[in-house]
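Visitor: You'll find coords-v2.pdb just under this line, and it carries PDB, C-alpha atoms.
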ATOM      1  CA  MET A   1     121.683-146.739  36.119
ATOM      2  CA  THR A   2     118.284-146.794  37.800
ATOM      3  CA  PHE A   3     115.489-144.716  36.294
ATOM      4  CA  GLU A   4     113.168-143.087  38.826
ATOM      5  CA  VAL A   5     109.507-143.208  37.838
ATOM      6  CA  LEU A   6     106.565-141.117  39.023
ATOM      7  CA  VAL A   7     103.226-142.973  38.856
ATOM      8  CA  VAL A   8     100.042-140.902  38.691
ATOM      9  CA  ASP A   9      96.859-142.956  39.047
ATOM     10  CA  ASP A  10      93.857-142.661  41.368
ATOM     11  CA  HIS A  11      93.617-146.433  41.854
ATOM     12  CA  SER A  12      95.952-147.736  44.564
ATOM     13  CA  ILE A  13      95.849-151.234  43.054
ATOM     14  CA  ILE A  14      97.390-149.871  39.840
ATOM     15  CA  ARG A  15     100.067-147.931  41.721
ATOM     16  CA  ASP A  16     100.867-150.967  43.885
ATOM     17  CA  GLY A  17     100.985-153.227  40.842
ATOM     18  CA  LEU A  18     103.364-150.954  38.946
ATOM     19  CA  ARG A  19     105.586-150.601  42.030
ATOM     20  CA  LYS A  20     105.870-154.394  42.336
ATOM     21  CA  ILE A  21     106.505-154.908  38.621
ATOM     22  CA  LEU A  22     109.258-152.295  38.540
ATOM     23  CA  ALA A  23     110.746-153.571  41.818
ATOM     24  CA  ASP A  24     111.581-156.819  39.996
ATOM     25  CA  THR A  25     113.746-154.949  37.467
ATOM     26  CA  ASP A  26     117.327-153.734  37.821
ATOM     27  CA  ASP A  27     116.843-150.449  35.990
ATOM     28  CA  LEU A  28     113.453-149.071  37.064
ATOM     29  CA  ILE A  29     111.952-147.996  40.377
ATOM     30  CA  VAL A  30     108.742-146.224  41.397
ATOM     31  CA  ALA A  31     110.190-143.278  43.321
ATOM     32  CA  GLY A  32     106.990-141.248  43.640
ATOM     33  CA  GLU A  33     103.214-141.529  43.433
ATOM     34  CA  ALA A  34     100.207-139.243  43.103
ATOM     35  CA  ALA A  35      96.482-140.056  43.171
ATOM     36  CA  ASN A  36      95.079-136.948  41.484
ATOM     37  CA  GLY A  37      96.001-134.208  39.052
ATOM     38  CA  ASN A  38      96.816-131.505  41.576
ATOM     39  CA  ALA A  39      99.124-133.820  43.517
ATOM     40  CA  ALA A  40     100.726-134.826  40.230
ATOM     41  CA  LEU A  41     101.566-131.221  39.402
ATOM     42  CA  ASP A  42     103.059-130.752  42.868
ATOM     43  CA  LYS A  43     105.253-133.839  42.410
ATOM     44  CA  VAL A  44     106.337-132.743  38.939
ATOM     45  CA  ARG A  45     107.357-129.335  40.283
ATOM     46  CA  GLU A  46     109.327-130.842  43.183
ATOM     47  CA  ARG A  47     112.123-132.433  41.168
ATOM     48  CA  ASP A  48     113.220-134.012  37.914
ATOM     49  CA  TRP A  49     111.845-137.457  37.109
ATOM     50  CA  ASP A  50     113.101-139.912  34.525
ATOM     51  CA  LEU A  51     109.581-140.960  33.516
ATOM     52  CA  LEU A  52     105.941-140.185  34.317
ATOM     53  CA  ILE A  53     103.339-142.932  33.972
ATOM     54  CA  LEU A  54     100.031-141.075  33.722
ATOM     55  CA  ASP A  55      96.398-142.151  33.967
ATOM     56  CA  MET A  56      93.928-140.084  31.947
ATOM     57  CA  SER A  57      90.909-140.175  34.286
ATOM     58  CA  MET A  58      91.315-138.990  37.868
ATOM     59  CA  PRO A  59      89.637-136.654  40.363
ATOM     60  CA  GLY A  60      90.357-132.978  39.813
ATOM     61  CA  ARG A  61      92.596-132.094  36.903
ATOM     62  CA  SER A  62      92.962-135.008  34.539
ATOM     63  CA  GLY A  63      93.216-136.056  30.949
ATOM     64  CA  LEU A  64      94.541-133.876  28.185
ATOM     65  CA  GLU A  65      94.428-130.729  30.301
ATOM     66  CA  LEU A  66      96.720-132.261  32.931
ATOM     67  CA  LEU A  67      99.057-133.643  30.272
ATOM     68  CA  LYS A  68      99.467-130.207  28.706
ATOM     69  CA  LEU A  69     100.045-128.543  32.105
ATOM     70  CA  ILE A  70     102.742-131.087  32.977
ATOM     71  CA  LYS A  71     104.504-130.495  29.651
ATOM     72  CA  ILE A  72     104.502-126.756  30.370
ATOM     73  CA  GLU A  73     106.165-127.410  33.740
ATOM     74  CA  ARG A  74     108.595-130.045  32.440
ATOM     75  CA  PRO A  75     108.826-129.910  28.638
ATOM     76  CA  HIS A  76     111.427-132.687  28.464
ATOM     77  CA  LEU A  77     109.789-135.117  30.899
ATOM     78  CA  PRO A  78     108.964-138.384  29.084
ATOM     79  CA  ILE A  79     105.324-139.338  29.655
ATOM     80  CA  LEU A  80     103.750-142.739  29.071
ATOM     81  CA  VAL A  81      99.957-142.607  29.258
ATOM     82  CA  PHE A  82      98.607-145.792  30.881
ATOM     83  CA  SER A  83      94.840-145.600  30.571
ATOM     84  CA  MET A  84      91.702-147.712  30.828
ATOM     85  CA  HIS A  85      90.498-145.991  27.655
ATOM     86  CA  GLN A  86      91.076-147.627  24.292
ATOM     87  CA  GLU A  87      93.327-145.946  21.742
ATOM     88  CA  GLU A  88      90.371-144.662  19.714
ATOM     89  CA  GLN A  89      89.407-142.300  22.519
ATOM     90  CA  TYR A  90      92.511-140.411  23.581
ATOM     91  CA  ALA A  91      95.690-141.828  22.077
ATOM     92  CA  VAL A  92      96.165-139.522  19.080
ATOM     93  CA  ARG A  93      95.278-136.450  21.139
ATOM     94  CA  ALA A  94      97.628-137.571  23.927
ATOM     95  CA  ILE A  95     100.540-137.917  21.508
ATOM     96  CA  ARG A  96      99.727-134.493  20.063
ATOM     97  CA  ALA A  97      99.717-133.044  23.591
ATOM     98  CA  GLY A  98     103.219-134.321  24.253
ATOM     99  CA  ALA A  99     102.973-137.928  25.468
ATOM    100  CA  ALA A 100     105.738-140.236  24.260
ATOM    101  CA  GLY A 101     103.548-143.311  24.373
ATOM    102  CA  TYR A 102     100.031-144.594  25.019
ATOM    103  CA  LEU A 103      99.165-147.979  26.451
ATOM    104  CA  SER A 104      95.691-149.283  27.279
ATOM    105  CA  LYS A 105      95.271-151.113  30.579
ATOM    106  CA  GLU A 106      93.071-153.549  28.670
ATOM    107  CA  GLY A 107      95.925-154.377  26.293
ATOM    108  CA  ASP A 108      98.686-156.997  26.369
ATOM    109  CA  SER A 109     100.411-156.879  29.784
ATOM    110  CA  GLU A 110     103.650-158.055  28.182
ATOM    111  CA  LEU A 111     103.900-154.698  26.416
ATOM    112  CA  LEU A 112     104.144-152.726  29.666
ATOM    113  CA  LEU A 113     107.857-153.074  30.455
ATOM    114  CA  PRO A 114     108.982-152.696  26.822
ATOM    115  CA  ALA A 115     106.822-149.551  26.572
ATOM    116  CA  ILE A 116     108.266-148.109  29.793
ATOM    117  CA  ARG A 117     111.851-148.836  28.736
ATOM    118  CA  LYS A 118     111.380-147.386  25.278
ATOM    119  CA  VAL A 119     109.924-144.130  26.592
ATOM    120  CA  VAL A 120     112.356-143.721  29.505
ATOM    121  CA  ASN A 121     115.253-144.087  27.051
ATOM    122  CA  GLY A 122     113.944-141.278  24.876
ATOM    123  CA  GLY A 123     111.901-143.273  22.398
ATOM    124  CA  VAL A 124     108.227-143.223  21.455
ATOM    125  CA  PHE A 125     105.990-146.217  22.110
ATOM    126  CA  ILE A 126     103.315-146.678  19.464
ATOM    127  CA  SER A 127     101.046-149.721  19.514
ATOM    128  CA  THR A 128      99.890-151.267  16.262
ATOM    129  CA  ARG A 129      96.409-149.773  16.739
ATOM    130  CA  LEU A 130      97.776-146.311  17.538
ATOM    131  CA  ALA A 131     100.035-146.479  14.465
ATOM    132  CA  GLU A 132      96.925-147.090  12.352
ATOM    133  CA  LEU A 133      95.083-144.188  13.986
ATOM    134  CA  LEU A 134      98.042-141.825  13.517
ATOM    135  CA  ALA A 135      98.418-142.857   9.883
ATOM    136  CA  THR A 136      94.748-142.090   9.282
ATOM    137  CA  ASP A 137      95.058-138.818  11.182
ATOM    138  CA  VAL A 138      97.824-137.484   8.947
ATOM    139  CA  SER A 139      96.648-138.976   5.660
ATOM    140  CA  PRO A 140      95.452-136.256   3.256
ATOM    141  CA  ASN A 141      93.154-138.773   1.572
ATOM    142  CA  ALA A 142      91.395-140.005   4.698
ATOM    143  CA  PRO A 143      88.057-138.329   5.449
ATOM    144  CA  ALA A 144      88.142-136.442   8.755
ATOM    145  CA  LEU A 145      85.709-137.975  11.230
ATOM    146  CA  PRO A 146      83.443-135.423  12.947
ATOM    147  CA  HIS A 147      84.813-136.005  16.467
ATOM    148  CA  THR A 148      88.368-135.250  15.301
ATOM    149  CA  GLN A 149      87.259-131.695  14.508
ATOM    150  CA  LEU A 150      86.510-131.005  18.173
ATOM    151  CA  SER A 151      88.962-129.101  20.360
ATOM    152  CA  ASN A 152      90.479-131.065  23.249
ATOM    153  CA  ARG A 153      88.088-129.443  25.720
ATOM    154  CA  GLU A 154      85.090-130.098  23.463
ATOM    155  CA  PHE A 155      86.202-133.701  23.041
ATOM    156  CA  GLU A 156      86.462-134.263  26.788
ATOM    157  CA  VAL A 157      82.989-132.755  27.270
ATOM    158  CA  PHE A 158      81.703-134.925  24.402
ATOM    159  CA  ILE A 159      83.100-138.091  26.020
ATOM    160  CA  ARG A 160      81.380-137.263  29.292
ATOM    161  CA  ILE A 161      78.057-136.442  27.635
ATOM    162  CA  VAL A 162      77.977-139.796  25.854
ATOM    163  CA  ARG A 163      78.801-141.535  29.136
ATOM    164  CA  GLY A 164      75.694-139.958  30.631
ATOM    165  CA  VAL A 165      77.450-137.446  32.889
ATOM    166  CA  SER A 166      75.242-134.433  33.652
ATOM    167  CA  LEU A 167      76.235-130.950  32.528
ATOM    168  CA  THR A 168      76.352-129.912  36.188
ATOM    169  CA  ALA A 169      78.845-132.678  36.998
ATOM    170  CA  ILE A 170      80.939-131.822  33.943
ATOM    171  CA  ALA A 171      81.004-128.172  35.010
ATOM    172  CA  GLU A 172      82.142-129.154  38.503
ATOM    173  CA  GLU A 173      84.846-131.481  37.195
ATOM    174  CA  PHE A 174      86.405-128.837  34.968
ATOM    175  CA  SER A 175      85.650-125.862  37.255
ATOM    176  CA  LEU A 176      83.501-124.274  34.560
ATOM    177  CA  SER A 177      80.094-122.594  34.630
ATOM    178  CA  ILE A 178      77.032-124.479  33.445
ATOM    179  CA  LYS A 179      76.686-121.856  30.724
ATOM    180  CA  THR A 180      80.184-122.600  29.410
ATOM    181  CA  VAL A 181      79.534-126.339  29.359
ATOM    182  CA  SER A 182      76.204-125.749  27.579
ATOM    183  CA  THR A 183      78.061-123.672  24.999
ATOM    184  CA  HIS A 184      80.556-126.502  24.508
ATOM    185  CA  LYS A 185      77.643-128.906  24.034
ATOM    186  CA  SER A 186      76.106-126.627  21.381
ATOM    187  CA  HIS A 187      79.438-126.364  19.560
ATOM    188  CA  ILE A 188      79.861-130.140  19.669
ATOM    189  CA  LEU A 189      76.426-130.745  18.136
ATOM    190  CA  THR A 190      77.069-128.110  15.476
ATOM    191  CA  LYS A 191      80.551-129.339  14.540
ATOM    192  CA  MET A 192      79.377-132.950  14.384
ATOM    193  CA  ASP A 193      76.177-132.005  12.537
ATOM    194  CA  MET A 194      73.943-133.733  15.071
ATOM    195  CA  SER A 195      70.772-132.656  16.800
ATOM    196  CA  SER A 196      70.726-134.413  20.174
ATOM    197  CA  PRO A 197      72.819-136.210  22.807
ATOM    198  CA  ALA A 198      71.237-139.471  21.626
ATOM    199  CA  ASP A 199      72.836-138.890  18.213
ATOM    200  CA  LEU A 200      76.183-138.390  19.946
ATOM    201  CA  VAL A 201      75.802-141.656  21.868
ATOM    202  CA  ARG A 202      75.013-143.602  18.688
ATOM    203  CA  TYR A 203      78.045-142.060  17.012
ATOM    204  CA  ALA A 204      80.287-142.874  19.984
ATOM    205  CA  VAL A 205      79.184-146.517  19.989
ATOM    206  CA  GLU A 206      79.666-146.800  16.223
ATOM    207  CA  HIS A 207      83.203-145.395  16.398
ATOM    208  CA  HIS A 208      84.308-147.284  19.552
ATOM    209  CA  LEU A 209      84.593-144.127  21.639
ATOM    210  CA  LEU A 210      82.849-145.631  24.649
ATOM    211  CA  ASP A 211      84.431-148.099  27.045
ATOM    212  CA  SER A 212      82.914-151.578  27.113
ATOM    213  CA  ASP A 213      81.132-150.939  30.420
ATOM    214  CA  HIS A 214      79.225-148.053  28.805
ATOM    215  CA  THR A 215      78.078-149.959  25.731
TER     216      THR A 215
END
What is this file in structure tokens?
Guide:
Amino acid sequence: MTFEVLVVDDHSIIRDGLRKILADTDDLIVAGEAANGNAALDKVRERDWDLLILDMSMPGRSGLELLKLIKIERPHLPILVFSMHQEEQYAVRAIRAGAAGYLSKEGDSELLLPAIRKVVNGGVFISTRLAELLATDVSPNAPALPHTQLSNREFEVFIRIVRGVSLTAIAEEFSLSIKTVSTHKSHILTKMDMSSPADLVRYAVEHHLLDSDHT
């Protein structure tokens, strides 16, 4: 049996690389591709897929919002998130939103095929680091970190603020008004008990919520 995989990533080099890797297997093939969130939704609606490999950061719809929309369209579609972001940023939220696995592009390349095969066969791929994060997340004795109290939308706005993205650009990305984004920012500062974006940046660095090229 050959499993047909849909790859959603805005970088052609990643799509090409995955196509070549899977072409060398007997059981996996890249049968479809999409370079942005809207195209991904169109592809998902077209037909059934055996597996979706999903990037978290793309033009248009992306991230947790896109993941949740895909699960609404295809509740039983196995999704492996393959992201440049480290597990600390999105992994726990991605699993909560319905992903069956999370793999960082910066991680061990030898984990890629085992992760794909585990998810496509109905399993859940959890890295050692993600297992630690999930254990902390569900532990009644572990203190809840401030950023874990944010909603998914607030968290995605938070991540962009600490990367230095302007409120105008954030509003455009999510098709929101500036006022709505400003309200999210206020809620983030209140929930995290901080007074300025600089405080948020320091917190993000301390808790490994920024990628290495932003630190």
Visitor: Here is a test: counting all atoms listed in the file, which residue of A:Ala35, A:Ile21, A:Ile79, A:Leu64 is nearest to A:Glu156?
Guide: A:Leu64
Visitor: Check what the PyMOL selection byres ((chain A and resi 116-133) around 6) selects in the file above and give those residues as a PyMOL selection string.
Guide: chain A and resi 51+100-101+113-115+134-136
Visitor: So which one's closest to A:Pro78, A:Ile14, A:Gln149, A:Gly32, A:Phe3? Using all atoms listed in the file, please.
Guide: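 Using all atoms listed in the file, A:Pro78 sits closest to A:Phe3.
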Visitor: Pick the closest to A:Val92 from A:Asp137, A:Arg160, A:Met56, A:His11: which is it, counting all atoms listed in the file?
Guide: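 Using all atoms listed in the file, A:Val92 sits closest to A:Asp137.
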Visitor: Atom CA of A:Lys20 to atom CA of A:Thr2: how many Å, to one decimal?
Guide: 15.2 Å
Visitor: Smallest atom-to-atom distance to A:Ser182: which of A:Thr148, A:Asn38, A:Gln89, A:Thr168, using all atoms listed in the file?
Guide: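 Closest residue, counting all atoms listed in the file: A:Thr168.
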Visitor: Counting all atoms listed in the file, which residues of stretch 78-155 of chain A sit at most 12 Å from some atom of stretch 65-73 of chain A, and what is each one's closest atom pair with its distance in Å to one decimal, listed by chain and rising residue number, as a tab-separated table?
Guide:
residue	atom	partner	partner_atom	distance
A:Pro78	CA	A:Lys71	CA	9.1
A:Ile79	CA	A:Leu67	CA	8.5
A:Leu80	CA	A:Leu67	CA	10.3
A:Val81	CA	A:Leu67	CA	9.1
A:Tyr90	CA	A:Leu67	CA	11.6
A:Arg93	CA	A:Leu67	CA	10.3
A:Ala94	CA	A:Leu67	CA	7.6
A:Ile95	CA	A:Leu67	CA	9.9
A:Arg96	CA	A:Lys68	CA	9.7
A:Ala97	CA	A:Lys68	CA	5.9
A:Gly98	CA	A:Lys71	CA	6.7
A:Ala99	CA	A:Leu67	CA	7.5
A:Ala100	CA	A:Leu67	CA	11.1
A:Ser151	CA	A:Glu65	CA	11.5
A:Asn152	CA	A:Glu65	CA	8.1
A:Arg153	CA	A:Glu65	CA	7.9
A:Glu154	CA	A:Glu65	CA	11.6
A:Phe155	CA	A:Glu65	CA	11.4
Visitor: At what distance in Å, to one decimal, does atom CA of A:Leu6 lie from atom CA of A:Lys43?
Guide: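 According to the coordinates, atom CA of A:Lys43 and atom CA of A:Leu6 are separated by 8.1 Å.
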Visitor: Please provide the set of residues having any atom within 8 Å of A:Arg163, restricted to only C-alpha atoms, with same-chain residues fewer than 3 positions apart removed, written as a PDB file with C-alpha atoms, in the frame of the given file.
Guide:
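Once written, around_29.pdb looks like this:
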ATOM      1  CA  ILE A 159      83.100-138.091  26.020  1.00  0.00           C
ATOM      2  CA  ARG A 160      81.380-137.263  29.292  1.00  0.00           C
ATOM      3  CA  VAL A 201      75.802-141.656  21.868  1.00  0.00           C
ATOM      4  CA  LEU A 210      82.849-145.631  24.649  1.00  0.00           C
ATOM      5  CA  HIS A 214      79.225-148.053  28.805  1.00  0.00           C
TER       6      HIS A 214
END
Visitor: Considering all atoms listed in the file, state which residue in the set A:Asp199, A:Asp42, A:Glu4, A:Asp10 is at the smallest distance from A:Ala23.
Guide: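 The shortest atom-to-atom distance to A:Ala23 comes from A:Glu4.
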Visitor: Could you please determine the separation between atom CA of A:Ser109 and atom CA of A:Asp48 in Å, to one decimal place?
Guide: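 So the two atoms, atom CA of A:Ser109 and atom CA of A:Asp48, lie 27.4 Å apart.
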Visitor: Which residue out of A:Gly63, A:Met1, A:Leu112, A:His184 has the minimum interatomic distance to A:Asp26 when all atoms listed in the file are used?
Guide: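 Distance minimum relative to A:Asp26 lands on A:Met1.
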Visitor: Using the file's own x, y and z axes, so that the box edges lie along x, y and z, what centre and edge lengths in Å (one decimal) does a box around every listed atom of stretch 20-26 of chain A get when 3 Å is added on each side? Give it as lines of an AutoDock Vina configuration file.
Guide:
center_x = 111.6
center_y = -154.6
center_z = 39.9
size_x = 17.5
size_y = 10.5
size_z = 10.9
